[in-house]
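K.L.:
Just passing along the structure, written as structure tokens.
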Amino acid sequence: MKFRDYYETLGVARSATEAEIKSAYRKLARKYHPDVNKESGAEEQFKAIGEAYAVLKDTEKRAAYDRFGENWKNGQDFTPPPNWNEGFEYADGGGHGGYGGGFDGDQSEFFESLFGRGRHRQGGRGGNARQGMNFKGQDHHAKILIDLADAYNGAKRTIALHMPTQDAQGHVSTQERKLDVSIPKGIKAGQNLRLSGQGGPGMGEGGPGDLYLEIDFHPSAIYRVEGKDVYVDIPLAPWEAALGTTVNVPTPAGSTLELKIPAGTVAGRKMRLKGKGIPSAEAGDLYVIPTIALPPAQTDAEKEAYQQFEKAFDFNPRTHLKG
């Protein structure tokens, strides 16, 4: 996938105001409109101009796009960084991750990877129901990352969210707000935590919208999570795997569990600790995956031990490769 420099497409600076962006778009749209310009490539250029304008005219989409910074160049190979939208607060809308959804026109792979597919949908979840001049505030959304331990034990955390805003001159920036949040025990990745009244302000007697926090976990050097099940790799010395042993397995809750490793254990075997995954009415499981860790042969004595090991066994690990 190639990066699209929307500012370059419209020929405007990254600091351009809303009026400057609109003016540049109108000029280019007239120049490359298929009804006017019959040159080869004009239609594709017209589509690219429309896509760039759909992003840069929208406060939320522009602020989200600007998170990638100025170092990306048009046409560079690009993959959105993991959790690039963490802490980015946006109002209810259509499309993947919010930001107002799609636009009326063909969408590039780059656009869809950031903002999703489909036409723009107005209005929030169950909100803006009109009663005279009373409007319920829009619901807001944001993705936050928590530690896996928080899902095991529950926690109270202070989170920072960044909400797009536009000043009177049409410049886009973000404002930070901090919230104290209670993380309930047993919450899983992909679930939404609802904070009542923390969304957009209402009008008249309409109450404020709600804030929905989509939960994900910080990457862990030890654990992998699939739904409510948790996986951990446990290195074993060759003699431990061959002869059997007992090991202490760390858990995300902060405790350790004693696990018996049977003789003849092979790497990759799944060993299930029932109910030791993420807690819930039906708790997930903790899966221990043995790996074989070979000690280095650095000293003469260590090298000799490996040579004796080789002599003691009539063993070829590649017999299955013979034709």
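Going by the structure tokens order, chains are called A, B, ..., each with residues numbered from 1, while ligands are numbered from 1 in the order shown.
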Name the residues in contact with range 259-270 of chain A at a cut-off of 7 Å, using only C-alpha atoms, excluding same-chain residues fewer than 5 positions from it; report them as a PyMOL selection string.
P.N.:
chain A and resi 241-249+287-292
K.L.:
Need to verify the contact set: range 42-57 of chain A, 9 Å, only C-alpha atoms, exclusion of same-chain residues closer than 2 positions in sequence. Can you return it as an mmCIF file with C-alpha atoms, in the first residue's frame?
P.N.:
data_model
loop_
_atom_site.group_PDB
_atom_site.id
_atom_site.type_symbol
_atom_site.label_atom_id
_atom_site.label_comp_id
_atom_site.auth_asym_id
_atom_site.auth_seq_id
_atom_site.Cartn_x
_atom_site.Cartn_y
_atom_site.Cartn_z
ATOM 1 C CA ARG A 4 -0.948 9.409 -0.071
ATOM 2 C CA ASP A 5 0.205 12.931 0.703
ATOM 3 C CA TYR A 6 -3.130 14.724 0.633
ATOM 4 C CA TYR A 7 -1.522 18.122 1.136
ATOM 5 C CA THR A 9 -2.285 16.372 -3.918
ATOM 6 C CA LEU A 10 -4.106 19.659 -3.285
ATOM 7 C CA GLU A 18 -10.096 25.439 5.799
ATOM 8 C CA ILE A 21 -8.063 23.932 1.260
ATOM 9 C CA LYS A 22 -11.502 24.586 -0.191
ATOM 10 C CA TYR A 25 -9.862 21.873 -4.237
ATOM 11 C CA LEU A 28 -8.170 21.576 -9.216
ATOM 12 C CA ALA A 29 -11.611 19.962 -9.440
ATOM 13 C CA ARG A 30 -12.525 22.322 -12.288
ATOM 14 C CA LYS A 31 -9.237 21.601 -14.035
ATOM 15 C CA TYR A 32 -9.473 17.798 -13.881
ATOM 16 C CA HIS A 33 -13.238 17.209 -14.039
ATOM 17 C CA PRO A 34 -13.912 14.399 -16.554
ATOM 18 C CA ASN A 37 -10.564 17.398 -19.168
ATOM 19 C CA LYS A 38 -10.351 14.477 -21.605
ATOM 20 C CA GLU A 39 -6.623 13.904 -21.185
ATOM 21 C CA SER A 40 -5.351 10.514 -20.104
ATOM 22 C CA THR A 59 -11.616 18.261 11.215
ATOM 23 C CA GLU A 60 -11.536 14.740 12.650
ATOM 24 C CA LYS A 61 -10.157 12.964 9.603
ATOM 25 C CA ARG A 62 -7.531 15.650 9.089
ATOM 26 C CA ALA A 63 -6.396 15.502 12.719
ATOM 27 C CA TYR A 65 -4.231 11.875 9.244
ATOM 28 C CA GLY A 102 -16.136 7.469 3.885
ATOM 29 C CA PHE A 103 -17.125 9.876 1.127
ATOM 30 C CA ASP A 104 -19.084 9.830 -2.116
ATOM 31 C CA GLY A 105 -16.513 8.488 -4.534
ATOM 32 C CA ASP A 106 -13.967 5.779 -5.164
ATOM 33 C CA GLN A 107 -11.784 5.154 -2.146
ATOM 34 C CA SER A 108 -8.142 4.145 -2.274
ATOM 35 C CA PHE A 111 -8.084 5.796 2.630
#
K.L.:
Go ahead and compute the interatomic distance for CA of Thr165 in chain A and CA of Arg177 in chain A, in Å to one decimal.
P.N.:
12.4 Å
K.L.:
Which of these, A:Ala301, A:Leu211, A:Ala160, A:Ala293, has the shortest distance to Asp180 in chain A once you count only C-alpha atoms?
P.N.:
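Result for the nearest residue to Asp180 in chain A: A:Ala160.
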K.L.:
Give me the residues within 10 Å of Ser196 in chain A as a PyMOL selection string, counting only C-alpha atoms and dropping any in the same chain fewer than 5 places off.
P.N.:
chain A and resi 139+208-212
K.L.:
Give me a file of those residues, with N, CA and C atoms, as an mmCIF file, in the first residue's frame.
P.N.:
data_model
loop_
_atom_site.group_PDB
_atom_site.id
_atom_site.type_symbol
_atom_site.label_atom_id
_atom_site.label_comp_id
_atom_site.auth_asym_id
_atom_site.auth_seq_id
_atom_site.Cartn_x
_atom_site.Cartn_y
_atom_site.Cartn_z
ATOM 1 N N ASP A 139 -22.462 10.967 20.793
ATOM 2 C CA ASP A 139 -21.574 10.040 21.474
ATOM 3 C C ASP A 139 -20.165 10.183 20.903
ATOM 4 N N PRO A 208 -25.812 15.447 27.602
ATOM 5 C CA PRO A 208 -24.594 15.146 26.841
ATOM 6 C C PRO A 208 -24.598 13.710 26.349
ATOM 7 N N GLY A 209 -23.836 13.471 25.304
ATOM 8 C CA GLY A 209 -23.667 12.109 24.809
ATOM 9 C C GLY A 209 -22.751 11.318 25.722
ATOM 10 N N ASP A 210 -22.516 10.077 25.358
ATOM 11 C CA ASP A 210 -21.656 9.197 26.140
ATOM 12 C C ASP A 210 -20.318 9.009 25.428
ATOM 13 N N LEU A 211 -19.341 8.553 26.174
ATOM 14 C CA LEU A 211 -18.017 8.248 25.633
ATOM 15 C C LEU A 211 -17.817 6.741 25.696
ATOM 16 N N TYR A 212 -17.482 6.155 24.567
ATOM 17 C CA TYR A 212 -17.242 4.716 24.486
ATOM 18 C C TYR A 212 -15.751 4.479 24.264
#
K.L.:
Taking only C-alpha atoms into account, which of A:Gly200, A:Pro164, A:Pro80, A:Pro279 comes nearest Asp92 in chain A?
P.N.:
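Of all the options, A:Gly200 lies closest to Asp92 in chain A.
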K.L.:
Point out the residue among A:Leu236, A:Ala91, A:Ala305, A:Leu148 with the least atom-to-atom distance to Arg224 in chain A, counting only C-alpha atoms.
P.N.:
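Of A:Leu236, A:Ala91, A:Ala305, A:Leu148, the one nearest Arg224 in chain A is A:Leu148, counting only C-alpha atoms.
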K.L.:
Compare A:Gln76, A:Asn71, A:Thr17, A:Ser23 by their minimum atom-to-atom distance to Asp58 in chain A, counting only C-alpha atoms, and give me the closest one.
P.N.:
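Going through A:Gln76, A:Asn71, A:Thr17, A:Ser23 one by one, the smallest distance to Asp58 in chain A is for A:Thr17.
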K.L.:
Between A:Gly41, A:Gly275, A:Gly75, A:Pro201, single out the one closest to Gln138 in chain A, counting only C-alpha atoms.
P.N.:
A:Pro201
K.L.:
Choose the residue, out of A:Glu258, A:Glu226, A:Glu176, A:Glu205, that has the smallest atom-to-atom separation from Glu89 in chain A; count only C-alpha atoms.
P.N.:
A:Glu176
K.L.:
Enumerate as a ChimeraX atom specification all residues of range 195-300 of chain A assigned to helix (DSSP H, G or I) by DSSP on the backbone, naming them with the chain letters and numbers the document uses.
P.N.:
/A:238-243,300
